Each structure stands twice: as structure tokens, then as C-alpha cells.
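Undergrad: Handing you a structure now.
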Amino acid sequence: MRATRVRAAAAAVLLGIAALAGCTSTGAVVTNPADSPFLLTGVTGVEQLGQVTGADSSSRTDQYAVYGTDLGSMFQYDGKTWFVFGDTFGERDADQIGGGGSFWRSNTLGYTTDTDPSDGITLDGMVVDDIGLATELLPSKKIDNDEMTVIPTHGFAANGAMYLHWMSVRHWGVPGEWEVNDAGLAKSTDSGQTWTVLDEPRWGGESNFVQVSPFHVTEDGVDWLYFWGITHGRFSGVALAKVEASKVEDPAAWNYFTETDAEGEPQWSSSPDDAALVLDDTVGELSVVWNDYLGRWIMTYLRDGDGAVIREGINPWGPWGDPITLVGATDVPGPYAPFMAPNYTSDGGRTIYFGLSIWDPYNVFWYKAELSKD
């Protein structure tokens, strides 16, 4: 992301006792009473395994004119894992730090069939133009105080199509803050080659769904998408929404978590303005997946002052455990966007793998960590 929004040095929880059926990475269905004890006690063996993007990466993305980029949220579609990148640049000065350089594209997309995360991830290719250079998927005006850029905050697959959730950034503010016009969805039905920005649903620039992390959940045999969301910037808490995957394009089908009732049942509203926080913290670039080893949800994000952290969740709406540091704010020069994917684990989910953006040299790196539990 751009220099003005990165802090180089880098709870309230809602209880529910109702069980929720959640899809694990292997497709099994599990339930968690909300009064279950937390299991995650720490992480060990945190290690950088390789570089995903840039001229020094195993992917050699400079061949696609991708010398610097960030983010890299992941989703699966058509037998591939797709990596969604943010502001992307061509050739850069040797001492360039953060976003900047030639051939600016607001967003790009790579893919891989690499199923072994233990030795790093190598991209098979990227969505390219007719001369083989990584192409911008969603256009932006690139005009400050109008529309500076359009950032894809996450991707997902549904209804035989690919979707990107995006935010239209009007202006980069002080580090960790930015002004947003609105957020919405874009759709591709040709494996990411072309994209249509959907008129609906849309969320305002001050809403809690400017940036999201989606996950497929099975409830009573129905495929739902859960979206954990945050507003613009990195200093707010997390809200929650859900929608039947088949109706993801219908704004009237979206449900926003508001509270748990006296029996602990989650309550939902049709209005995003009613969404309550399920986690109160300074959250940036979040990622939420189900973890088989813990039998719990895990959330990773950039936490102000702490770097990349991980938390355990009993249910999607919480409660959520204390933050545990994965990569500290001073361990590398400006870590952010610790994104996970449910297909990238080993040892039954004990070892997790995640991408991490590092401001200097403004590229995405591949990490592993081992979870410890009681």
C-alpha cells in the first residue's frame, strides 16, 4: 500500500451459546458452543520461507512488470489459488521504499497450482495484457481527492464465478488512515480475464465493510458466505455479515450481526448501519479462516504498534481470544496484510502458512507458524 497509509513501526466480545455449523478446510462440519474454553496459547517456529512477488522472488514477477506490489489475499477457483494484489508498479529505483515506480496499476491478479506451502509459493502466472504484462483488473481515475486508486481487499468464488471486494480510495491520509468513496463487488466469468463492477451491493466509505475477509460456511446444507469487515484505515474494530452464496449480488439478502439475544442466539439486521463490533481493536488487513487443529476460527491482522497478530475465535461473532504476535512491528521493515488461505496448512492445521506484505522492499513474502494449544 502507499507510504502515507503505512505505520512503519507498524475487547469487547459478544457471547453466544448457540452452535454454528462451519465448513472446515476438509469440508467436514463442526460446531462450537460459545462458552468453550480458548485453546490457542502461542505460536512457535515463525519463519520466512520465501518471496512471492518481485524480481527476487521464485515467481520472477518482474517478467510481468511487477517489481513491487502488496496485499495478496487468496481464494480458490478452478483448481488454482488466486492471489489478489493491490497497487502494483513496474521498474523502481534501487532504493525505493513503499509504493511507487513506473507503470502503476491499482490492482493485479496472480495464480498458482502450487499445493506445497512448506517451501514457499511460486506463481504459475498472472492475468496479463496482450503483450504479457500484468493488467489492471478494475480501473481507477488515479486523481487525488477524487479517486486515487481502487484496491481489492479480498477475493472469493461463488456461483461459478470469481468476485473481488474493492474499495475506492479518495485520498491517503496520515499513516494508517485513508478516505474512501465507497466499496463494492466486481465479478468475472472468464477466469479473471475481464471484470464487471457490480452496481450492487455497495457500502459507504464510513461503513464497517470497506475492507473484508470472506469464508464459506455451511448451515443446514446451505452455502453461506461470512464476511468479517472493517472500515477505512487500520484503527477500528471488526463487524460481521453473512449472505447466502447464491444471493451474494442481492443487497436485500445480506444480514448484519447486531447482538446475541438472552438465549445467546445471534441476531441479524438487513442494514449495515446496524452492524455491531464482534471485536474491538485496531485492525488492518484482516484474514479469517477455520482451523482444524484448534477446532476454532483464527483471525490474523495488522495491529497498531504490534505488527501482525493472530487471535482465536469460538464463533464468527466471538468471543475472540487475546492477540498473539506473529511478526512484530520491528521484526521486518513495515509488516502488514498477513493473509491466510484454508488450503495452506499442514500437520492437521497445526502449521499455518500466510503471506505478509513488507513495506521495504514493497513485496509479498511467504511465512509459516506453528500453533500451540492447551
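Residues are named by chain letter and number: chains run A, B, ... in the order of the C-alpha cells, numbers start at 1 in each chain, and ligands are numbered from 1 in the order shown.
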Which residues, written as a ChimeraX atom specification, have at least one atom at most 12 Å from Trp254 of chain A, with only C-alpha atoms counted and residues fewer than 4 positions away on the same chain left out?
TA: /A:200-203,209,224-227,240-250,268-272,275
Undergrad: Identify, on the basis of only C-alpha atoms, every residue whose closest approach to Leu302 of chain A does not exceed 7 Å; exclude the query and any residue fewer than 3 positions from it along the same chain; express the result as a CSV table (one decimal) with all heavy atoms, in the first residue's frame.
TA:
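What ended up in out34.csv:
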```csv
chain,number,residue,atom,x,y,z
A,283,VAL,N,-7.6,-2.7,13.9
A,283,VAL,CA,-7.5,-3.9,12.9
A,283,VAL,C,-7.2,-3.4,11.5
A,283,VAL,O,-8.0,-2.5,11.0
A,283,VAL,CB,-8.8,-4.7,12.9
A,283,VAL,CG1,-8.7,-5.9,12.0
A,283,VAL,CG2,-9.0,-5.3,14.4
A,284,GLY,N,-6.2,-3.9,10.9
A,284,GLY,CA,-5.9,-3.6,9.5
A,284,GLY,C,-5.7,-4.9,8.7
A,284,GLY,O,-5.1,-5.8,9.2
A,285,GLU,N,-6.2,-4.9,7.5
A,285,GLU,CA,-6.0,-6.0,6.5
A,285,GLU,C,-6.2,-7.4,7.2
A,285,GLU,O,-5.2,-8.2,7.4
A,285,GLU,CB,-4.5,-6.0,5.9
A,285,GLU,CG,-4.3,-4.8,5.1
A,285,GLU,CD,-3.6,-3.7,5.9
A,285,GLU,OE1,-2.8,-4.0,6.7
A,285,GLU,OE2,-4.0,-2.5,5.7
A,307,GLY,N,2.4,-5.1,15.0
A,307,GLY,CA,2.7,-5.9,13.8
A,307,GLY,C,1.6,-6.8,13.5
A,307,GLY,O,0.4,-6.6,13.9
A,308,ALA,N,1.9,-8.0,12.9
A,308,ALA,CA,1.0,-9.0,12.5
A,308,ALA,C,0.7,-9.9,13.7
A,308,ALA,O,1.6,-10.4,14.3
A,308,ALA,CB,1.5,-9.8,11.4
A,309,VAL,N,-0.6,-10.0,14.0
A,309,VAL,CA,-1.1,-10.8,15.2
A,309,VAL,C,-2.1,-11.9,14.7
A,309,VAL,O,-2.6,-11.8,13.6
A,309,VAL,CB,-1.6,-9.9,16.3
A,309,VAL,CG1,-0.6,-8.9,16.8
A,309,VAL,CG2,-2.9,-9.3,15.8
A,336,TYR,N,2.6,-5.9,7.1
A,336,TYR,CA,1.2,-5.7,7.1
A,336,TYR,C,0.6,-6.7,6.2
A,336,TYR,O,1.2,-7.5,5.5
A,336,TYR,CB,0.8,-4.3,6.7
A,336,TYR,CG,1.2,-3.9,5.3
A,336,TYR,CD1,0.3,-3.8,4.3
A,336,TYR,CD2,2.5,-3.5,5.0
A,336,TYR,CE1,0.6,-3.4,3.0
A,336,TYR,CE2,2.9,-3.1,3.7
A,336,TYR,CZ,1.9,-3.1,2.7
A,336,TYR,OH,2.3,-2.7,1.4
A,337,ALA,N,-0.8,-6.8,6.3
A,337,ALA,CA,-1.6,-7.7,5.4
A,337,ALA,C,-1.1,-9.2,5.6
A,337,ALA,O,-0.7,-9.9,4.6
A,337,ALA,CB,-1.5,-7.3,4.0
```
Undergrad: From a DSSP calculation on the backbone, collect every residue of segment 200-272 of chain A in strand (DSSP E or B) and output the set as a PyMOL selection string.
TA: chain A and resi 200-204+211-219+222-230+236-244+255-260+266-269
Undergrad: Generate the output file for the selected residues, C-alpha atoms, as an mmCIF file, in the first residue's frame.
TA:
```
data_model
loop_
_atom_site.group_PDB
_atom_site.id
_atom_site.type_symbol
_atom_site.label_atom_id
_atom_site.label_comp_id
_atom_site.auth_asym_id
_atom_site.auth_seq_id
_atom_site.Cartn_x
_atom_site.Cartn_y
_atom_site.Cartn_z
ATOM 1 C CA GLU A 200 -24.976 -3.612 -6.045
ATOM 2 C CA PRO A 201 -24.269 -4.304 -3.276
ATOM 3 C CA ARG A 202 -22.418 -1.157 -2.216
ATOM 4 C CA TRP A 203 -21.173 0.068 1.153
ATOM 5 C CA GLY A 204 -20.422 3.675 2.106
ATOM 6 C CA GLN A 211 -12.450 -3.999 3.794
ATOM 7 C CA VAL A 212 -13.480 -7.624 4.286
ATOM 8 C CA SER A 213 -12.363 -11.210 4.758
ATOM 9 C CA PRO A 214 -14.849 -13.812 3.399
ATOM 10 C CA PHE A 215 -15.263 -17.504 4.220
ATOM 11 C CA HIS A 216 -17.718 -20.162 3.039
ATOM 12 C CA VAL A 217 -19.819 -21.682 5.845
ATOM 13 C CA THR A 218 -22.381 -24.487 5.571
ATOM 14 C CA GLU A 219 -25.557 -24.074 7.617
ATOM 15 C CA VAL A 222 -26.858 -24.166 2.534
ATOM 16 C CA ASP A 223 -23.656 -22.483 1.371
ATOM 17 C CA TRP A 224 -23.272 -19.136 3.126
ATOM 18 C CA LEU A 225 -20.555 -16.530 2.869
ATOM 19 C CA TYR A 226 -19.481 -14.875 6.092
ATOM 20 C CA PHE A 227 -17.732 -11.508 5.802
ATOM 21 C CA TRP A 228 -15.714 -10.032 8.633
ATOM 22 C CA GLY A 229 -15.384 -6.331 7.875
ATOM 23 C CA ILE A 230 -13.574 -3.194 8.952
ATOM 24 C CA SER A 236 -11.285 0.285 14.045
ATOM 25 C CA GLY A 237 -12.860 -2.977 15.162
ATOM 26 C CA VAL A 238 -14.417 -5.856 13.246
ATOM 27 C CA ALA A 239 -18.071 -6.281 12.223
ATOM 28 C CA LEU A 240 -19.738 -9.332 10.684
ATOM 29 C CA ALA A 241 -22.146 -10.032 7.827
ATOM 30 C CA LYS A 242 -23.458 -13.134 6.111
ATOM 31 C CA VAL A 243 -25.276 -13.871 2.876
ATOM 32 C CA GLU A 244 -26.297 -16.999 1.013
ATOM 33 C CA ASN A 255 -27.551 -9.938 7.029
ATOM 34 C CA TYR A 256 -25.511 -7.915 9.519
ATOM 35 C CA PHE A 257 -24.773 -9.162 13.030
ATOM 36 C CA THR A 258 -26.179 -6.888 15.746
ATOM 37 C CA GLU A 259 -26.052 -8.799 19.044
ATOM 38 C CA THR A 260 -26.768 -12.061 20.775
ATOM 39 C CA PRO A 266 -27.024 -14.306 17.059
ATOM 40 C CA GLN A 267 -29.334 -11.555 15.820
ATOM 41 C CA TRP A 268 -29.151 -10.042 12.348
ATOM 42 C CA SER A 269 -30.319 -6.895 10.589
#
```
Undergrad: May I have the residues within 8 Å of segment 180-183 of chain A as a PDB file with N, CA, C and O atoms, in the first residue's frame, using only C-alpha atoms and disregarding those fewer than 5 positions away in the same chain?
TA:
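File produced: around-v1.pdb:
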```pdb
ATOM      1  N   GLU A 147     -10.598  10.021  -6.980  1.00  0.00           N
ATOM      2  CA  GLU A 147     -10.405   8.586  -6.813  1.00  0.00           C
ATOM      3  C   GLU A 147      -8.932   8.297  -7.064  1.00  0.00           C
ATOM      4  O   GLU A 147      -8.472   8.286  -8.204  1.00  0.00           O
ATOM      5  N   HIS A 165     -13.926  -8.037  -3.791  1.00  0.00           N
ATOM      6  CA  HIS A 165     -14.437  -6.930  -2.991  1.00  0.00           C
ATOM      7  C   HIS A 165     -13.401  -5.812  -3.084  1.00  0.00           C
ATOM      8  O   HIS A 165     -12.207  -6.032  -2.876  1.00  0.00           O
ATOM      9  N   TRP A 166     -13.844  -4.609  -3.413  1.00  0.00           N
ATOM     10  CA  TRP A 166     -12.930  -3.494  -3.639  1.00  0.00           C
ATOM     11  C   TRP A 166     -13.339  -2.275  -2.824  1.00  0.00           C
ATOM     12  O   TRP A 166     -14.483  -2.141  -2.390  1.00  0.00           O
ATOM     13  N   MET A 167     -12.357  -1.379  -2.617  1.00  0.00           N
ATOM     14  CA  MET A 167     -12.647  -0.077  -2.026  1.00  0.00           C
ATOM     15  C   MET A 167     -12.052   1.007  -2.919  1.00  0.00           C
ATOM     16  O   MET A 167     -10.937   0.872  -3.429  1.00  0.00           O
ATOM     17  N   SER A 168     -12.817   2.062  -3.127  1.00  0.00           N
ATOM     18  CA  SER A 168     -12.384   3.214  -3.918  1.00  0.00           C
ATOM     19  C   SER A 168     -11.795   4.259  -2.971  1.00  0.00           C
ATOM     20  O   SER A 168     -12.523   4.894  -2.211  1.00  0.00           O
ATOM     21  N   VAL A 169     -10.485   4.415  -3.011  1.00  0.00           N
ATOM     22  CA  VAL A 169      -9.790   5.328  -2.105  1.00  0.00           C
ATOM     23  C   VAL A 169      -9.749   6.730  -2.713  1.00  0.00           C
ATOM     24  O   VAL A 169      -9.250   6.927  -3.826  1.00  0.00           O
ATOM     25  N   ARG A 170     -10.297   7.681  -1.976  1.00  0.00           N
ATOM     26  CA  ARG A 170     -10.304   9.068  -2.437  1.00  0.00           C
ATOM     27  C   ARG A 170      -8.990   9.770  -2.146  1.00  0.00           C
ATOM     28  O   ARG A 170      -8.487  10.533  -2.964  1.00  0.00           O
ATOM     29  N   HIS A 171      -8.434   9.503  -0.951  1.00  0.00           N
ATOM     30  CA  HIS A 171      -7.233  10.236  -0.536  1.00  0.00           C
ATOM     31  C   HIS A 171      -6.524   9.452   0.562  1.00  0.00           C
ATOM     32  O   HIS A 171      -7.163   8.968   1.492  1.00  0.00           O
ATOM     33  N   ARG A 202     -23.403  -2.198  -2.480  1.00  0.00           N
ATOM     34  CA  ARG A 202     -22.418  -1.157  -2.216  1.00  0.00           C
ATOM     35  C   ARG A 202     -22.447  -0.798  -0.733  1.00  0.00           C
ATOM     36  O   ARG A 202     -23.489  -0.883  -0.082  1.00  0.00           O
ATOM     37  N   TRP A 203     -21.284  -0.383  -0.230  1.00  0.00           N
ATOM     38  CA  TRP A 203     -21.173   0.068   1.153  1.00  0.00           C
ATOM     39  C   TRP A 203     -20.505   1.436   1.162  1.00  0.00           C
ATOM     40  O   TRP A 203     -19.564   1.690   0.397  1.00  0.00           O
ATOM     41  N   GLY A 204     -20.985   2.334   2.030  1.00  0.00           N
ATOM     42  CA  GLY A 204     -20.422   3.675   2.106  1.00  0.00           C
ATOM     43  C   GLY A 204     -19.010   3.682   2.655  1.00  0.00           C
ATOM     44  O   GLY A 204     -18.566   2.742   3.329  1.00  0.00           O
ATOM     45  N   GLY A 205     -18.309   4.757   2.389  1.00  0.00           N
ATOM     46  CA  GLY A 205     -16.908   4.880   2.777  1.00  0.00           C
ATOM     47  C   GLY A 205     -16.668   4.925   4.269  1.00  0.00           C
ATOM     48  O   GLY A 205     -15.525   4.785   4.722  1.00  0.00           O
ATOM     49  N   GLU A 206     -17.735   5.119   5.066  1.00  0.00           N
ATOM     50  CA  GLU A 206     -17.610   5.122   6.523  1.00  0.00           C
ATOM     51  C   GLU A 206     -18.180   3.849   7.141  1.00  0.00           C
ATOM     52  O   GLU A 206     -18.223   3.721   8.369  1.00  0.00           O
ATOM     53  N   PHE A 209     -17.736  -2.192   6.311  1.00  0.00           N
ATOM     54  CA  PHE A 209     -17.467  -3.218   5.313  1.00  0.00           C
ATOM     55  C   PHE A 209     -16.709  -2.639   4.118  1.00  0.00           C
ATOM     56  O   PHE A 209     -16.888  -3.053   2.980  1.00  0.00           O
ATOM     57  N   VAL A 210     -15.823  -1.693   4.419  1.00  0.00           N
ATOM     58  CA  VAL A 210     -14.934  -1.127   3.409  1.00  0.00           C
ATOM     59  C   VAL A 210     -13.850  -2.139   3.033  1.00  0.00           C
ATOM     60  O   VAL A 210     -13.405  -2.203   1.895  1.00  0.00           O
ATOM     61  N   GLN A 211     -13.423  -2.934   4.010  1.00  0.00           N
ATOM     62  CA  GLN A 211     -12.450  -3.999   3.794  1.00  0.00           C
ATOM     63  C   GLN A 211     -13.008  -5.263   4.447  1.00  0.00           C
ATOM     64  O   GLN A 211     -13.548  -5.204   5.543  1.00  0.00           O
ATOM     65  N   HIS A 232     -12.555   2.084   6.764  1.00  0.00           N
ATOM     66  CA  HIS A 232     -11.339   2.619   6.152  1.00  0.00           C
ATOM     67  C   HIS A 232     -10.235   2.700   7.209  1.00  0.00           C
ATOM     68  O   HIS A 232     -10.494   2.921   8.393  1.00  0.00           O
TER      69      HIS A 232
END
```
Undergrad: Write out as an MDAnalysis selection string the residues lying within 12 Å of Asp130 of chain A, counting only C-alpha atoms and excluding same-chain residues fewer than 4 positions away.
TA: chainID A and resid 64 134:135 193
Undergrad: Next, the residues of the selection above should be written as a compact mmCIF listing (two decimals), in the first residue's frame with N, CA, C and O atoms.
TA:
```
# COMPACT_ATOMS: atom_id res chain seq x y z
N TYR A 64 6.36 -9.93 -15.59
CA TYR A 64 5.04 -9.37 -15.84
C TYR A 64 5.00 -7.87 -15.52
O TYR A 64 3.93 -7.29 -15.39
N ALA A 134 1.27 -7.80 -16.51
CA ALA A 134 0.15 -7.89 -15.58
C ALA A 134 -0.77 -6.71 -15.78
O ALA A 134 -0.35 -5.55 -15.76
N THR A 135 -2.05 -7.00 -15.98
CA THR A 135 -3.00 -5.96 -16.34
C THR A 135 -3.81 -5.51 -15.14
O THR A 135 -4.01 -6.26 -14.18
N GLN A 193 -10.09 -12.85 -16.57
CA GLN A 193 -9.57 -12.09 -17.72
C GLN A 193 -10.24 -10.72 -17.84
O GLN A 193 -9.59 -9.73 -18.17
```
Undergrad: Give the answer as one residue: which of A:Ile352, A:Ala158, A:Ala94, A:Ala276 has the shortest atom-to-atom distance to Ala55 of chain A, using only C-alpha atoms?
TA: A:Ala94
Undergrad: Please return, as a VMD selection string, all residues of segment 247-317 of chain A that DSSP assigns to helix (DSSP H, G or I) on the basis of the backbone.
TA: chain A and resid 247 251 to 253 272 to 274
Undergrad: Mind giving me the straight-line distance from atom CA of Pro139 of chain A to atom CA of Trp104 of chain A in Å, one decimal?
TA: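 About the pair atom CA of Pro139 of chain A and atom CA of Trp104 of chain A: they are 11.2 Å apart.
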Undergrad: Identify, on the basis of only C-alpha atoms, every residue whose closest approach to Tyr344 of chain A does not exceed 12 Å; exclude the query and any residue fewer than 4 positions from it along the same chain; express the result as JSON, numbers by chain.
TA: {"A": [25, 26, 74, 75, 76, 81, 113, 114, 115, 116, 117, 118, 119, 120, 121, 289, 290, 291, 292, 339, 340, 348, 349, 350, 351, 352, 353, 354, 355, 366, 367, 368, 369]}
Undergrad: Export, as a compact mmCIF listing (two decimals), in the first residue's frame, the selected residues with N, CA, C and O atoms.
TA:
```txt
# COMPACT_ATOMS: atom_id res chain seq x y z
N SER A 25 -11.53 -26.79 6.39
CA SER A 25 -10.83 -26.82 5.11
C SER A 25 -10.98 -28.16 4.41
O SER A 25 -10.73 -28.26 3.22
N THR A 26 -11.40 -29.21 5.15
CA THR A 26 -11.60 -30.51 4.52
C THR A 26 -13.06 -30.78 4.20
O THR A 26 -13.40 -31.85 3.74
N MET A 74 -5.96 -14.43 -0.77
CA MET A 74 -6.04 -15.66 -1.56
C MET A 74 -7.44 -16.27 -1.55
O MET A 74 -8.15 -16.18 -0.55
N PHE A 75 -7.82 -16.88 -2.66
CA PHE A 75 -9.03 -17.69 -2.72
C PHE A 75 -8.85 -18.75 -3.80
O PHE A 75 -7.98 -18.64 -4.67
N GLN A 76 -9.68 -19.79 -3.74
CA GLN A 76 -9.57 -20.90 -4.67
C GLN A 76 -10.67 -20.84 -5.72
O GLN A 76 -11.83 -20.55 -5.42
N THR A 81 -5.14 -21.49 -6.79
CA THR A 81 -5.22 -20.49 -5.74
C THR A 81 -4.86 -19.15 -6.37
O THR A 81 -3.79 -19.01 -6.99
N THR A 113 -0.80 -23.29 -8.95
CA THR A 113 -1.26 -24.64 -8.67
C THR A 113 -0.34 -25.30 -7.64
O THR A 113 -0.42 -26.51 -7.40
N ASP A 114 0.52 -24.51 -7.04
CA ASP A 114 1.45 -24.98 -6.01
C ASP A 114 0.66 -25.41 -4.78
O ASP A 114 0.01 -24.59 -4.14
N THR A 115 0.71 -26.69 -4.44
CA THR A 115 -0.04 -27.20 -3.29
C THR A 115 0.85 -27.49 -2.09
O THR A 115 0.35 -27.96 -1.06
N ASP A 116 2.14 -27.25 -2.22
CA ASP A 116 3.06 -27.48 -1.10
C ASP A 116 3.56 -26.13 -0.57
O ASP A 116 4.47 -25.53 -1.15
N PRO A 117 2.95 -25.65 0.52
CA PRO A 117 3.34 -24.35 1.03
C PRO A 117 4.61 -24.37 1.86
O PRO A 117 5.11 -23.31 2.26
N SER A 118 5.17 -25.55 2.13
CA SER A 118 6.26 -25.67 3.09
C SER A 118 7.58 -25.10 2.59
O SER A 118 8.48 -24.82 3.38
N ASP A 119 7.72 -24.94 1.27
CA ASP A 119 8.97 -24.40 0.72
C ASP A 119 8.74 -23.09 -0.03
O ASP A 119 9.51 -22.73 -0.92
N GLY A 120 7.67 -22.38 0.33
CA GLY A 120 7.33 -21.15 -0.37
C GLY A 120 6.30 -21.40 -1.44
O GLY A 120 5.95 -22.54 -1.75
N ILE A 121 5.81 -20.33 -2.01
CA ILE A 121 4.80 -20.41 -3.07
C ILE A 121 5.33 -19.71 -4.32
O ILE A 121 5.83 -18.58 -4.26
N VAL A 289 -10.04 -17.57 8.84
CA VAL A 289 -10.27 -18.92 8.31
C VAL A 289 -10.62 -19.85 9.46
O VAL A 289 -10.39 -19.54 10.63
N TRP A 290 -11.17 -21.01 9.14
CA TRP A 290 -11.39 -22.06 10.12
C TRP A 290 -10.11 -22.88 10.24
O TRP A 290 -9.44 -23.16 9.25
N ASN A 291 -9.75 -23.26 11.48
CA ASN A 291 -8.54 -24.04 11.71
C ASN A 291 -8.91 -25.39 12.32
O ASN A 291 -9.49 -25.45 13.41
N ASP A 292 -8.56 -26.48 11.65
CA ASP A 292 -8.91 -27.82 12.11
C ASP A 292 -8.17 -28.21 13.38
O ASP A 292 -8.72 -28.94 14.22
N PHE A 339 -2.19 -12.48 5.29
CA PHE A 339 -3.34 -13.18 4.72
C PHE A 339 -3.12 -14.69 4.71
O PHE A 339 -2.07 -15.19 4.29
N MET A 340 -4.17 -15.41 5.14
CA MET A 340 -4.16 -16.88 5.15
C MET A 340 -5.10 -17.42 4.08
O MET A 340 -5.93 -16.69 3.55
N GLY A 348 -2.37 -31.27 10.10
CA GLY A 348 -3.73 -31.16 10.59
C GLY A 348 -4.13 -29.76 11.00
O GLY A 348 -5.06 -29.59 11.81
N GLY A 349 -3.48 -28.76 10.45
CA GLY A 349 -3.78 -27.36 10.78
C GLY A 349 -2.88 -26.79 11.84
O GLY A 349 -2.97 -25.59 12.15
N ARG A 350 -2.00 -27.61 12.43
CA ARG A 350 -1.09 -27.08 13.46
C ARG A 350 -0.14 -26.05 12.86
O ARG A 350 0.19 -25.04 13.50
N THR A 351 0.34 -26.31 11.65
CA THR A 351 1.20 -25.35 10.96
C THR A 351 0.36 -24.56 9.97
O THR A 351 -0.32 -25.14 9.12
N ILE A 352 0.39 -23.25 10.11
CA ILE A 352 -0.31 -22.38 9.18
C ILE A 352 0.71 -21.64 8.33
O ILE A 352 1.86 -21.43 8.74
N TYR A 353 0.29 -21.27 7.14
CA TYR A 353 1.13 -20.51 6.22
C TYR A 353 0.38 -19.24 5.84
O TYR A 353 -0.85 -19.25 5.73
N PHE A 354 1.10 -18.17 5.65
CA PHE A 354 0.45 -16.90 5.33
C PHE A 354 1.38 -16.01 4.53
O PHE A 354 2.61 -16.09 4.64
N GLY A 355 0.77 -15.18 3.69
CA GLY A 355 1.51 -14.15 3.01
C GLY A 355 1.62 -12.93 3.89
O GLY A 355 0.75 -12.66 4.72
N TRP A 366 6.35 -15.08 2.03
CA TRP A 366 5.64 -16.27 2.49
C TRP A 366 6.21 -16.74 3.83
O TRP A 366 7.42 -16.87 3.98
N TYR A 367 5.30 -16.97 4.79
CA TYR A 367 5.69 -17.32 6.16
C TYR A 367 4.98 -18.58 6.61
O TYR A 367 3.94 -18.97 6.08
N LYS A 368 5.54 -19.20 7.67
CA LYS A 368 4.86 -20.27 8.37
C LYS A 368 4.91 -19.98 9.87
O LYS A 368 5.75 -19.23 10.36
N ALA A 369 4.00 -20.59 10.60
CA ALA A 369 3.98 -20.52 12.05
C ALA A 369 3.32 -21.78 12.58
O ALA A 369 2.40 -22.33 11.97
```
Undergrad: Can you pull out the residues contacting Met299 of chain A? Cut-off 7 Å, using only C-alpha atoms, and skip same-chain residues under 3 positions away; I want them as a PDB file with N, CA and C atoms, in the first residue's frame.
TA:
```pdb
ATOM      1  N   LEU A 286      -7.416  -7.686   7.555  1.00  0.00           N
ATOM      2  CA  LEU A 286      -7.723  -8.900   8.308  1.00  0.00           C
ATOM      3  C   LEU A 286      -7.914 -10.117   7.404  1.00  0.00           C
ATOM      4  N   SER A 287      -7.714 -11.286   7.994  1.00  0.00           N
ATOM      5  CA  SER A 287      -7.911 -12.562   7.318  1.00  0.00           C
ATOM      6  C   SER A 287      -8.477 -13.538   8.334  1.00  0.00           C
ATOM      7  N   VAL A 288      -9.578 -14.210   7.989  1.00  0.00           N
ATOM      8  CA  VAL A 288     -10.230 -15.146   8.907  1.00  0.00           C
ATOM      9  C   VAL A 288     -10.455 -16.475   8.202  1.00  0.00           C
ATOM     10  N   VAL A 289     -10.043 -17.569   8.842  1.00  0.00           N
ATOM     11  CA  VAL A 289     -10.268 -18.921   8.311  1.00  0.00           C
ATOM     12  C   VAL A 289     -10.615 -19.848   9.464  1.00  0.00           C
ATOM     13  N   ILE A 310      -2.341 -12.814  15.660  1.00  0.00           N
ATOM     14  CA  ILE A 310      -3.343 -13.854  15.443  1.00  0.00           C
ATOM     15  C   ILE A 310      -4.226 -13.950  16.678  1.00  0.00           C
ATOM     16  N   ARG A 311      -5.518 -14.212  16.469  1.00  0.00           N
ATOM     17  CA  ARG A 311      -6.452 -14.421  17.562  1.00  0.00           C
ATOM     18  C   ARG A 311      -7.320 -15.628  17.251  1.00  0.00           C
ATOM     19  N   GLU A 312      -7.789 -16.278  18.297  1.00  0.00           N
ATOM     20  CA  GLU A 312      -8.680 -17.422  18.190  1.00  0.00           C
ATOM     21  C   GLU A 312     -10.116 -16.991  18.451  1.00  0.00           C
TER      22      GLU A 312
END
```
Undergrad: From the options A:Thr88, A:Thr189, A:Ser102, A:Thr282, which residue's atoms come nearest to Gly176 of chain A, counting only C-alpha atoms?
TA: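 Of the candidates, the smallest distance to Gly176 of chain A is held by A:Thr282.
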Undergrad: Grab the atom CA of Trp317 of chain A to atom CA of Leu39 of chain A distance for me, in Å with one decimal place.
TA: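 Separating atom CA of Trp317 of chain A from atom CA of Leu39 of chain A is a distance of 17.1 Å.
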Undergrad: With distances taken over only C-alpha atoms, which of A:Ser357, A:Asn343, A:Asn159, A:Thr325 is nearest to Gly42 of chain A?
TA: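 Of the candidates, the smallest distance to Gly42 of chain A is held by A:Thr325.
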Undergrad: Between atom CA of Ile324 of chain A and atom CA of Tyr293 of chain A, what is the distance in Å, rounded to a tenth?
TA: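 Between these atoms lies a distance of 16.8 Å.
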